Every structure is written in structure tokens, then in C-alpha cells.
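The structure appears right after this line, and notes come after that.
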Amino acid sequence: MPRSLFFIGGIDMSNVCMRCGKERIVIEEWIELVETERRTNQIRHMKTTCPDPECQKMVDESLAKEKVKNEERKAEKIENDRVLKEERQKRIEQALLKPIKVKGRK
Ligand SMILES: [Zn+2]
């Protein structure tokens with residue numbers, strides 16, 4: 001997701017706790033330099049935490065759960081794609097085995 005999407009009406013939404021809405025504390029901030037062919041881009045990274053440690057714990061837990069779910073979904077999609085591909089391949093093979101009917105011209 002582009003980072004600019006977090007900025008709504010000048011408020012950095014990425015810096016507000018998603019659970020309690022309190023402004024998050026920046027515990028770490030660093031600039032990553034990403035070199036492209038034409039120029040070097042600066043990407044600002046921030047590690048933030050909720051001022052409420054209990055809340056942060058719950059946020060961490062839900063994030064971890066979400067991550068597991070995403071990975072499961074990803075694995076499921078790969079499996080589904082593989083099955084679909086196999087089925088398609090089988091159908092093509094079956095179609096090739098059948099004699100081709102050509103409509104006779106009138
Ligand atoms: Zn919070």
C-alpha cells in the first residue's frame with residue numbers, strides 16, 4: 001500500500017493506534033536509501049508503539065494472527081491455482097484426444 005494513503009487531511013494516520021486511537025510513540029526512525037537506475041529514493045521508516053503497553057500487546061497479537069491468516073490464505077490460493085491448472089491441463093488433453101468435429105459446409 002502506498003504510504004501516502006495513510007495521510008488523511010494532513011494527519012498521519014499510520015501514527016495513530018488502530019485500537020485506541022491514541023497517538024503512537026516513535027521508538028525508532030530510520031531512512032532507507034533505495035537506489036534505482038535514475039536516482040536514490042529515501043524511504044522513511046518508523047517503528048511506533050502505543051503509549052498503553054497493554055493495548056500494544058493486543059495490537060501485536062492481532063497483527064500476528066492476521067499474519068498467520070494471510071499466510072494460510074496465500075498457501076490456499078497457491079493450492080487452488082495448482083488444482084485449477086491441473087484441471088485445465090486435463091481438459092485440454094481430453095479435448096485433444098476426442099476426434100474433432102468439423103461442421104460440414106452447406
Ligand atoms: Zn492503543
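Residues in the C-alpha cells are named by chain (A, B, ... in the order shown) and by number from 1 within that chain; ligands are numbered from 1 in the order shown.
Using only C-alpha atoms and all ligand atoms as the basis for the distance check, residues found within 9 Å of ligand 1 are Val16, Cys17, Met18, Arg19, Cys20, Gly21, Lys22, Glu23, Arg24, Thr49, Cys50, Pro51, Asp52, Pro53, Glu54, Cys55, Gln56, Lys57, Met58 and Val59 of chain A.
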Can you check which residues of chain A DSSP gives as strand (DSSP E or B) on the backbone and send them as a ChimeraX atom specification? /A:7-8,11-12,16,23,25-35,40-49
Length of the CA of Lys77 in chain A to CA of Ile92 in chain A vector [Å]: 22.2 Å
Report the residues of range 31-90 of chain A whose backbone DSSP state falls under helix (DSSP H, G or I), written as number ranges by chain. A: 53-90
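Across the model, the gap from CA of Val26 in chain A to CA of Thr40 in chain A is 25.0 Å.
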Find, counting only C-alpha atoms, the residue in A:Met46, A:Asn15, A:Arg39, A:Pro99 that gets nearest to Ile27 in chain A. A:Met46
